[in-house]
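Data from target-v4.csv: CSV, N, CA and C atoms and all ligand atoms
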chain,number,residue,atom,x,y,z
S,256,MET,N,98.3,216.7,-38.6
S,256,MET,CA,99.2,215.6,-38.9
S,256,MET,C,99.0,215.1,-40.4
S,257,GLU,N,100.1,214.8,-41.0
S,257,GLU,CA,100.0,214.3,-42.4
S,257,GLU,C,99.4,212.9,-42.4
S,258,GLN,N,98.6,212.7,-43.4
S,258,GLN,CA,98.0,211.4,-43.5
S,258,GLN,C,99.0,210.5,-44.3
S,259,GLN,N,99.5,209.4,-43.6
S,259,GLN,CA,100.5,208.6,-44.3
S,259,GLN,C,99.9,207.3,-44.8
S,260,LYS,N,100.4,206.9,-45.9
S,260,LYS,CA,100.0,205.6,-46.5
S,260,LYS,C,100.5,204.5,-45.5
S,261,LYS,N,99.6,203.6,-45.2
S,261,LYS,CA,100.0,202.6,-44.3
S,261,LYS,C,101.0,201.6,-44.8
S,262,THR,N,102.1,201.5,-44.0
S,262,THR,CA,103.2,200.6,-44.4
S,262,THR,C,103.1,199.4,-43.4
S,263,TYR,N,103.3,198.2,-44.0
S,263,TYR,CA,103.2,197.0,-43.2
S,263,TYR,C,104.6,196.5,-42.8
S,264,TYR,N,104.7,196.0,-41.6
S,264,TYR,CA,106.0,195.5,-41.1
S,264,TYR,C,105.8,194.1,-40.5
S,265,ASN,N,106.8,193.3,-40.7
S,265,ASN,CA,106.9,192.0,-40.0
S,265,ASN,C,108.0,192.2,-39.0
S,266,CYS,N,107.7,191.4,-37.9
S,266,CYS,CA,108.7,191.4,-36.8
S,266,CYS,C,110.0,190.7,-37.3
S,267,SER,N,111.1,191.3,-37.1
S,267,SER,CA,112.4,190.7,-37.6
S,267,SER,C,113.0,189.7,-36.6
S,268,VAL,N,112.4,189.5,-35.4
S,268,VAL,CA,113.0,188.5,-34.5
S,268,VAL,C,112.8,187.1,-35.1
S,269,ASP,N,113.9,186.4,-35.0
S,269,ASP,CA,113.9,185.0,-35.6
S,269,ASP,C,112.8,184.2,-34.9
S,270,GLY,N,111.9,183.6,-35.7
S,270,GLY,CA,110.9,182.8,-35.1
S,270,GLY,C,109.6,183.5,-34.8
S,271,CYS,N,109.6,184.8,-34.9
S,271,CYS,CA,108.3,185.6,-34.5
S,271,CYS,C,107.6,185.9,-35.8
S,272,PHE,N,106.3,185.6,-35.8
S,272,PHE,CA,105.5,185.8,-37.0
S,272,PHE,C,104.5,187.0,-36.9
S,273,ASN,N,104.7,187.8,-35.9
S,273,ASN,CA,103.8,189.0,-35.8
S,273,ASN,C,104.1,190.0,-36.9
S,274,SER,N,103.0,190.5,-37.4
S,274,SER,CA,103.2,191.6,-38.4
S,274,SER,C,102.1,192.6,-38.2
S,275,THR,N,102.3,193.8,-38.7
S,275,THR,CA,101.2,194.8,-38.5
S,275,THR,C,99.9,194.4,-39.2
S,276,ILE,N,100.0,193.3,-40.0
S,276,ILE,CA,98.7,192.8,-40.6
S,276,ILE,C,97.9,192.0,-39.7
S,277,ASN,N,98.6,191.2,-38.9
S,277,ASN,CA,97.9,190.2,-38.0
S,277,ASN,C,97.8,190.6,-36.6
S,278,SER,N,98.3,191.8,-36.2
S,278,SER,CA,98.2,192.1,-34.8
S,278,SER,C,98.1,193.6,-34.6
S,279,GLU,N,97.7,193.9,-33.4
S,279,GLU,CA,97.5,195.3,-33.0
S,279,GLU,C,98.7,195.8,-32.2
S,280,LEU,N,99.8,195.0,-32.2
S,280,LEU,CA,101.0,195.3,-31.5
S,280,LEU,C,101.7,196.5,-32.1
S,281,SER,N,102.4,197.2,-31.3
S,281,SER,CA,103.3,198.2,-31.9
S,281,SER,C,104.6,197.6,-32.3
S,282,PHE,N,105.2,198.2,-33.3
S,282,PHE,CA,106.5,197.8,-33.8
S,282,PHE,C,107.5,198.9,-33.7
S,283,PHE,N,108.7,198.5,-33.3
S,283,PHE,CA,109.7,199.5,-33.0
S,283,PHE,C,110.9,199.3,-34.0
S,284,SER,N,111.5,200.3,-34.4
S,284,SER,CA,112.7,200.2,-35.3
S,284,SER,C,113.9,200.0,-34.4
S,285,LEU,N,115.0,199.5,-35.1
S,285,LEU,CA,116.2,199.2,-34.4
S,285,LEU,C,116.9,200.5,-33.9
S,286,PRO,N,117.7,200.4,-32.9
S,286,PRO,CA,118.4,201.6,-32.4
S,286,PRO,C,119.4,202.1,-33.5
S,287,VAL,N,119.6,203.4,-33.5
S,287,VAL,CA,120.5,203.9,-34.5
S,287,VAL,C,122.0,203.7,-34.1
S,288,ASP,N,122.2,203.8,-32.8
S,288,ASP,CA,123.5,203.5,-32.2
S,288,ASP,C,124.0,202.1,-32.6
S,289,SER,N,125.2,202.0,-33.2
S,289,SER,CA,125.6,200.8,-33.7
S,289,SER,C,125.9,199.7,-32.7
S,290,GLU,N,126.4,200.1,-31.5
S,290,GLU,CA,126.6,199.2,-30.4
S,290,GLU,C,125.3,198.5,-29.9
S,291,ARG,N,124.3,199.4,-29.7
S,291,ARG,CA,123.0,198.9,-29.3
S,291,ARG,C,122.3,198.1,-30.3
S,292,LYS,N,122.5,198.5,-31.6
S,292,LYS,CA,121.9,197.7,-32.7
S,292,LYS,C,122.5,196.3,-32.7
S,293,THR,N,123.8,196.2,-32.5
S,293,THR,CA,124.4,194.9,-32.5
S,293,THR,C,123.9,194.0,-31.4
S,294,GLU,N,123.7,194.6,-30.3
S,294,GLU,CA,123.1,193.9,-29.1
S,294,GLU,C,121.7,193.4,-29.4
S,295,TRP,N,120.9,194.3,-30.0
S,295,TRP,CA,119.6,193.9,-30.4
S,295,TRP,C,119.6,192.7,-31.4
S,296,LEU,N,120.5,192.8,-32.4
S,296,LEU,CA,120.5,191.8,-33.4
S,296,LEU,C,121.0,190.5,-32.9
S,297,ARG,N,121.9,190.6,-31.9
S,297,ARG,CA,122.3,189.3,-31.3
S,297,ARG,C,121.2,188.7,-30.5
S,298,LEU,N,120.4,189.4,-29.8
S,298,LEU,CA,119.3,188.9,-29.0
S,298,LEU,C,118.2,188.4,-30.0
S,299,MET,N,118.1,189.0,-31.1
S,299,MET,CA,117.1,188.6,-32.1
S,299,MET,C,117.5,187.4,-33.0
S,300,HIS,N,118.7,187.0,-32.8
S,300,HIS,CA,119.3,186.0,-33.7
S,300,HIS,C,119.3,186.5,-35.1
S,301,ARG,N,119.5,187.7,-35.3
S,301,ARG,CA,119.5,188.3,-36.7
S,301,ARG,C,120.8,189.0,-37.0
S,302,GLU,N,121.9,188.4,-36.6
S,302,GLU,CA,123.2,189.0,-36.9
S,302,GLU,C,123.4,189.1,-38.4
S,303,ASP,N,122.6,188.4,-39.2
S,303,ASP,CA,122.8,188.6,-40.7
S,303,ASP,C,122.4,190.0,-41.1
S,304,LEU,N,121.7,190.7,-40.3
S,304,LEU,CA,121.2,192.1,-40.6
S,304,LEU,C,122.3,193.1,-40.3
S,305,LYS,N,123.3,192.7,-39.6
S,305,LYS,CA,124.3,193.6,-39.0
S,305,LYS,C,124.9,194.6,-40.1
S,306,ASP,N,125.2,194.1,-41.2
S,306,ASP,CA,125.8,195.0,-42.2
S,306,ASP,C,124.8,195.6,-43.2
S,307,LYS,N,123.5,195.4,-42.9
S,307,LYS,CA,122.5,196.0,-43.8
S,307,LYS,C,122.0,197.2,-43.1
S,308,THR,N,121.3,198.0,-43.9
S,308,THR,CA,120.8,199.3,-43.3
S,308,THR,C,119.6,199.1,-42.4
S,309,CYS,N,118.9,197.9,-42.5
S,309,CYS,CA,117.8,197.6,-41.6
S,309,CYS,C,116.7,198.6,-41.6
S,310,LEU,N,116.5,199.3,-42.7
S,310,LEU,CA,115.5,200.4,-42.7
S,310,LEU,C,114.1,199.8,-42.4
S,311,ARG,N,113.9,198.6,-42.8
S,311,ARG,CA,112.5,198.0,-42.6
S,311,ARG,C,112.5,197.0,-41.5
S,312,ALA,N,113.6,196.8,-40.8
S,312,ALA,CA,113.6,195.9,-39.7
S,312,ALA,C,112.8,196.5,-38.5
S,313,ARG,N,111.9,195.7,-38.0
S,313,ARG,CA,111.1,196.1,-36.8
S,313,ARG,C,111.1,195.0,-35.8
S,314,VAL,N,110.9,195.4,-34.5
S,314,VAL,CA,110.7,194.4,-33.5
S,314,VAL,C,109.4,194.7,-32.8
S,315,CYS,N,108.6,193.6,-32.7
S,315,CYS,CA,107.2,193.9,-32.2
S,315,CYS,C,107.3,194.0,-30.6
S,316,GLU,N,106.2,194.6,-30.2
S,316,GLU,CA,106.1,194.9,-28.7
S,316,GLU,C,106.2,193.7,-27.8
S,317,ALA,N,105.9,192.5,-28.4
S,317,ALA,CA,105.8,191.3,-27.6
S,317,ALA,C,107.2,191.0,-27.0
S,318,HIS,N,108.3,191.6,-27.5
S,318,HIS,CA,109.6,191.2,-27.0
S,318,HIS,C,110.1,192.2,-25.9
S,319,PHE,N,109.2,193.1,-25.5
S,319,PHE,CA,109.7,194.1,-24.5
S,319,PHE,C,108.8,193.9,-23.2
S,320,CYS,N,109.5,194.1,-22.1
S,320,CYS,CA,108.8,194.1,-20.8
S,320,CYS,C,107.8,195.3,-20.9
S,321,PRO,N,106.6,195.1,-20.3
S,321,PRO,CA,105.7,196.3,-20.3
S,321,PRO,C,106.3,197.5,-19.7
S,322,ASN,N,107.2,197.4,-18.7
S,322,ASN,CA,107.8,198.6,-18.1
S,322,ASN,C,108.9,199.2,-19.0
S,323,SER,N,109.1,198.7,-20.1
S,323,SER,CA,110.1,199.3,-21.1
S,323,SER,C,109.3,200.3,-22.0
S,324,ILE,N,108.0,200.2,-22.0
S,324,ILE,CA,107.2,200.9,-22.9
S,324,ILE,C,106.5,202.1,-22.3
S,325,ILE,N,106.5,203.2,-22.9
S,325,ILE,CA,105.8,204.4,-22.4
S,325,ILE,C,104.8,204.9,-23.5
S,326,LEU,N,103.8,205.5,-23.0
S,326,LEU,CA,102.8,206.0,-23.9
S,326,LEU,C,103.1,207.5,-24.1
S,327,ARG,N,103.2,207.9,-25.3
S,327,ARG,CA,103.4,209.4,-25.6
S,327,ARG,C,102.4,209.8,-26.6
S,328,SER,N,101.6,210.7,-26.3
S,328,SER,CA,100.5,211.1,-27.2
S,328,SER,C,99.9,209.9,-28.0
S,329,ASN,N,99.4,209.0,-27.2
S,329,ASN,CA,98.8,207.8,-27.7
S,329,ASN,C,99.6,206.9,-28.5
S,330,ARG,N,100.9,207.1,-28.6
S,330,ARG,CA,101.8,206.2,-29.3
S,330,ARG,C,102.7,205.5,-28.3
S,331,LYS,N,102.9,204.2,-28.6
S,331,LYS,CA,103.8,203.5,-27.7
S,331,LYS,C,105.2,203.8,-28.1
S,332,MET,N,106.1,204.1,-27.1
S,332,MET,CA,107.5,204.3,-27.4
S,332,MET,C,108.3,203.5,-26.4
S,333,LEU,N,109.5,203.2,-26.8
S,333,LEU,CA,110.4,202.5,-25.9
S,333,LEU,C,111.2,203.5,-25.1
S,334,LYS,N,111.4,203.1,-23.8
S,334,LYS,CA,112.2,203.8,-23.0
S,334,LYS,C,113.6,203.7,-23.5
S,335,ARG,N,114.4,204.8,-23.2
S,335,ARG,CA,115.8,204.8,-23.7
S,335,ARG,C,116.5,203.5,-23.1
S,336,ASN,N,117.4,203.0,-23.9
S,336,ASN,CA,118.2,201.8,-23.5
S,336,ASN,C,117.4,200.5,-23.3
S,337,SER,N,116.2,200.5,-23.8
S,337,SER,CA,115.5,199.2,-23.7
S,337,SER,C,116.1,198.2,-24.7
S,338,VAL,N,116.0,196.9,-24.3
S,338,VAL,CA,116.5,195.9,-25.2
S,338,VAL,C,115.3,194.8,-25.2
S,339,PRO,N,115.2,194.1,-26.3
S,339,PRO,CA,114.3,193.0,-26.4
S,339,PRO,C,114.6,192.0,-25.3
S,340,GLN,N,113.6,191.6,-24.5
S,340,GLN,CA,113.9,190.7,-23.4
S,340,GLN,C,113.0,189.4,-23.4
S,341,LEU,N,111.8,189.5,-24.1
S,341,LEU,CA,110.9,188.4,-24.0
S,341,LEU,C,110.7,187.7,-25.3
S,342,LEU,N,110.3,186.4,-25.3
S,342,LEU,CA,110.0,185.6,-26.4
S,342,LEU,C,111.1,185.6,-27.5
S,343,LEU,N,112.3,185.6,-27.0
S,343,LEU,CA,113.5,185.6,-27.9
S,343,LEU,C,113.9,184.2,-28.2
S,344,PRO,N,114.6,184.1,-29.4
S,344,PRO,CA,115.0,182.7,-29.8
S,344,PRO,C,116.0,182.1,-28.8
S,345,LEU,N,116.0,180.9,-28.7
S,345,LEU,CA,116.9,180.1,-27.8
S,345,LEU,C,118.3,180.3,-28.4
S,346,PRO,N,119.3,180.7,-27.5
S,346,PRO,CA,120.6,180.8,-28.0
S,346,PRO,C,121.1,179.4,-28.5
S,347,ILE,N,121.9,179.5,-29.5
S,347,ILE,CA,122.3,178.2,-30.2
S,347,ILE,C,123.4,177.5,-29.4
S,348,HIS,N,123.1,176.3,-29.0
S,348,HIS,CA,124.1,175.5,-28.3
S,348,HIS,C,124.3,174.3,-29.0
S,349,ASN,N,125.5,173.7,-28.9
S,349,ASN,CA,125.7,172.4,-29.4
S,349,ASN,C,125.8,171.4,-28.3
S,350,PHE,N,124.6,170.9,-27.9
S,350,PHE,CA,124.6,169.9,-26.8
S,350,PHE,C,125.1,168.6,-27.3
S,351,ALA,N,125.9,168.0,-26.4
S,351,ALA,CA,126.5,166.7,-26.8
S,351,ALA,C,125.4,165.7,-27.1
S,352,ASP,N,124.3,165.7,-26.3
S,352,ASP,CA,123.3,164.7,-26.7
S,352,ASP,C,122.0,165.3,-27.1
S,353,LYS,N,121.3,164.7,-28.0
S,353,LYS,CA,120.1,165.2,-28.6
S,353,LYS,C,119.0,165.3,-27.6
S,354,GLU,N,119.0,164.4,-26.6
S,354,GLU,CA,117.9,164.4,-25.6
S,354,GLU,C,117.9,165.6,-24.8
S,355,THR,N,119.1,166.1,-24.3
S,355,THR,CA,119.2,167.3,-23.5
S,355,THR,C,118.7,168.5,-24.3
S,356,GLN,N,119.1,168.5,-25.6
S,356,GLN,CA,118.7,169.6,-26.4
S,356,GLN,C,117.1,169.7,-26.6
S,357,THR,N,116.5,168.5,-26.7
S,357,THR,CA,115.1,168.5,-26.9
S,357,THR,C,114.4,168.9,-25.6
S,358,VAL,N,114.9,168.5,-24.5
S,358,VAL,CA,114.3,168.9,-23.2
S,358,VAL,C,114.4,170.4,-23.0
S,359,ILE,N,115.5,171.0,-23.4
S,359,ILE,CA,115.7,172.4,-23.2
S,359,ILE,C,114.9,173.2,-24.2
S,360,GLU,N,114.8,172.7,-25.4
S,360,GLU,CA,113.9,173.4,-26.4
S,360,GLU,C,112.4,173.4,-26.0
S,361,THR,N,112.0,172.2,-25.4
S,361,THR,CA,110.6,172.1,-25.0
S,361,THR,C,110.3,173.1,-23.9
S,362,ALA,N,111.3,173.1,-22.9
S,362,ALA,CA,111.1,174.0,-21.8
S,362,ALA,C,111.1,175.5,-22.2
S,363,HIS,N,111.9,175.8,-23.2
S,363,HIS,CA,111.9,177.1,-23.8
S,363,HIS,C,110.6,177.5,-24.4
S,364,LYS,N,110.0,176.6,-25.2
S,364,LYS,CA,108.7,176.8,-25.8
S,364,LYS,C,107.7,177.1,-24.8
S,365,ILE,N,107.6,176.3,-23.7
S,365,ILE,CA,106.6,176.5,-22.7
S,365,ILE,C,106.8,177.9,-22.0
S,366,LEU,N,108.0,178.3,-21.8
S,366,LEU,CA,108.3,179.6,-21.2
S,366,LEU,C,107.9,180.7,-22.1
S,367,GLN,N,108.2,180.5,-23.4
S,367,GLN,CA,107.7,181.5,-24.4
S,367,GLN,C,106.2,181.7,-24.4
S,368,LYS,N,105.5,180.6,-24.3
S,368,LYS,CA,104.1,180.6,-24.4
S,368,LYS,C,103.5,181.3,-23.1
S,369,ALA,N,104.2,181.0,-22.0
S,369,ALA,CA,103.7,181.6,-20.7
S,369,ALA,C,103.9,183.1,-20.8
S,370,GLN,N,105.1,183.5,-21.3
S,370,GLN,CA,105.3,185.0,-21.5
S,370,GLN,C,104.3,185.6,-22.4
S,371,PHE,N,104.0,184.9,-23.4
S,371,PHE,CA,103.0,185.5,-24.4
S,371,PHE,C,101.6,185.6,-23.8
S,372,ASN,N,101.2,184.5,-23.0
S,372,ASN,CA,99.9,184.6,-22.4
S,372,ASN,C,99.8,185.7,-21.4
S,373,CYS,N,101.0,185.9,-20.7
S,373,CYS,CA,101.0,187.0,-19.7
S,373,CYS,C,100.9,188.3,-20.3
S,374,LEU,N,101.4,188.5,-21.5
S,374,LEU,CA,101.3,189.8,-22.3
S,374,LEU,C,99.9,190.0,-22.7
S,375,ARG,N,99.2,188.9,-23.0
S,375,ARG,CA,97.8,189.1,-23.5
S,375,ARG,C,96.8,189.5,-22.4
S,376,LEU,N,97.2,189.3,-21.2
S,376,LEU,CA,96.2,189.6,-20.1
S,376,LEU,C,95.8,191.1,-20.0
F,401,ZN,ZN,108.0,189.8,-32.7

Would you encode the structure as structure tokens?
Ligand SMILES: [Zn+2]
Amino acid sequence: MEQQKKTYYNCSVDGCFNSTINSELSFFSLPVDSERKTEWLRLMHREDLKDKTCLRARVCEAHFCPNSIILRSNRKMLKRNSVPQLLLPLPIHNFADKETQTVIETAHKILQKAQFNCLRL
């Protein structure tokens, strides 16, 4: 195998700070299929990337259920048709009252943390 110069990637999911520098996680590139790519970008809250080529956009392993990931010759790969499911940004809502919004955001953060801890086990 050819020795490649190490390239660093940051996770492109909104609010995720994982990068190949600070974690041992695997990073996956976006689907080539434009319909699936659009779905991923919607889940990632990164619809701003829709019209870009996204060559460097990556999604870290933390956003996929363990059963979406397969090991192939020691490399983690995504099963076909996998979509990011975990630790995703909260969909944007315009709640009438600020209090409801805060409660929902707090609950979402707790849920994200729980998912993350579960992945670390
Ligand atoms: Zn991430």

Can you tell me which residues surround range 262-277 of chain S at a distance of at most 7 Å, considering all atoms listed in the file, apart from same-chain residues fewer than 4 positions away, and format the answer as a VMD selection string? chain S and resid 298 to 301 311 to 315 343 to 344

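Separating atom C of Thr308 in chain S from atom C of Phe283 in chain S is a distance of 12.1 Å.
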
What does the structure give for the distance between CA of Ser278 in chain S and CA of Asp306 in chain S, in Å to one decimal?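 Those two atoms sit 28.7 Å apart.
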
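Here atom C of Asn336 in chain S and atom N of Ser281 in chain S stand 17.3 Å from one another.
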
May I have all residues of chain S that DSSP, computed from the backbone, assigns to strand (DSSP E or B), given as a PyMOL selection string? chain S and resi 265-266+274+282-284+313-315+324-327+330-333

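Minimum distance to Val338 in chain S across S:His318, S:Val287, S:Lys261, S:Thr355 (counting all atoms listed in the file) occurs at S:His318.
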
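Distance annotation: of S:Leu342, S:Leu304, S:Arg297, S:Arg291, the residue with the minimal separation from ligand ZN 401 (chain F) is S:Leu342; atom set is all atoms listed in the file.
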
From the list S:Lys334, S:Lys307, S:Ala317, S:Glu360, which residue is nearest ligand ZN 401 (chain F) when using only N, CA and C atoms and all ligand atoms?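 With only N, CA and C atoms and all ligand atoms as the atom set, the closest residue is S:Ala317.
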
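Closest approach to ligand ZN 401 (chain F) from the set S:Glu354, S:Phe319, S:Ile325, S:Ile365 is made by S:Phe319, with distances taken over only C-alpha atoms and all ligand atoms.
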
Using all atoms listed in the file, the residue out of S:Thr357, S:Ser328, S:Ala362, S:Cys320 with shortest distance to Gln340 in chain S is S:Cys320

Rank nothing, just name the residue among S:Glu294, S:Asp352, S:Asp288, S:Glu279 nearest to ligand ZN 401 (chain F), using only C-alpha atoms and all ligand atoms.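 Comparing S:Glu294, S:Asp352, S:Asp288, S:Glu279 against ligand ZN 401 (chain F), the winner is S:Glu279.
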
Report as number ranges by chain: the residues of range 307-370 of chain S with a DSSP assignment of alpha helix (DSSP H), based on the backbone of this structure. S: 353-370
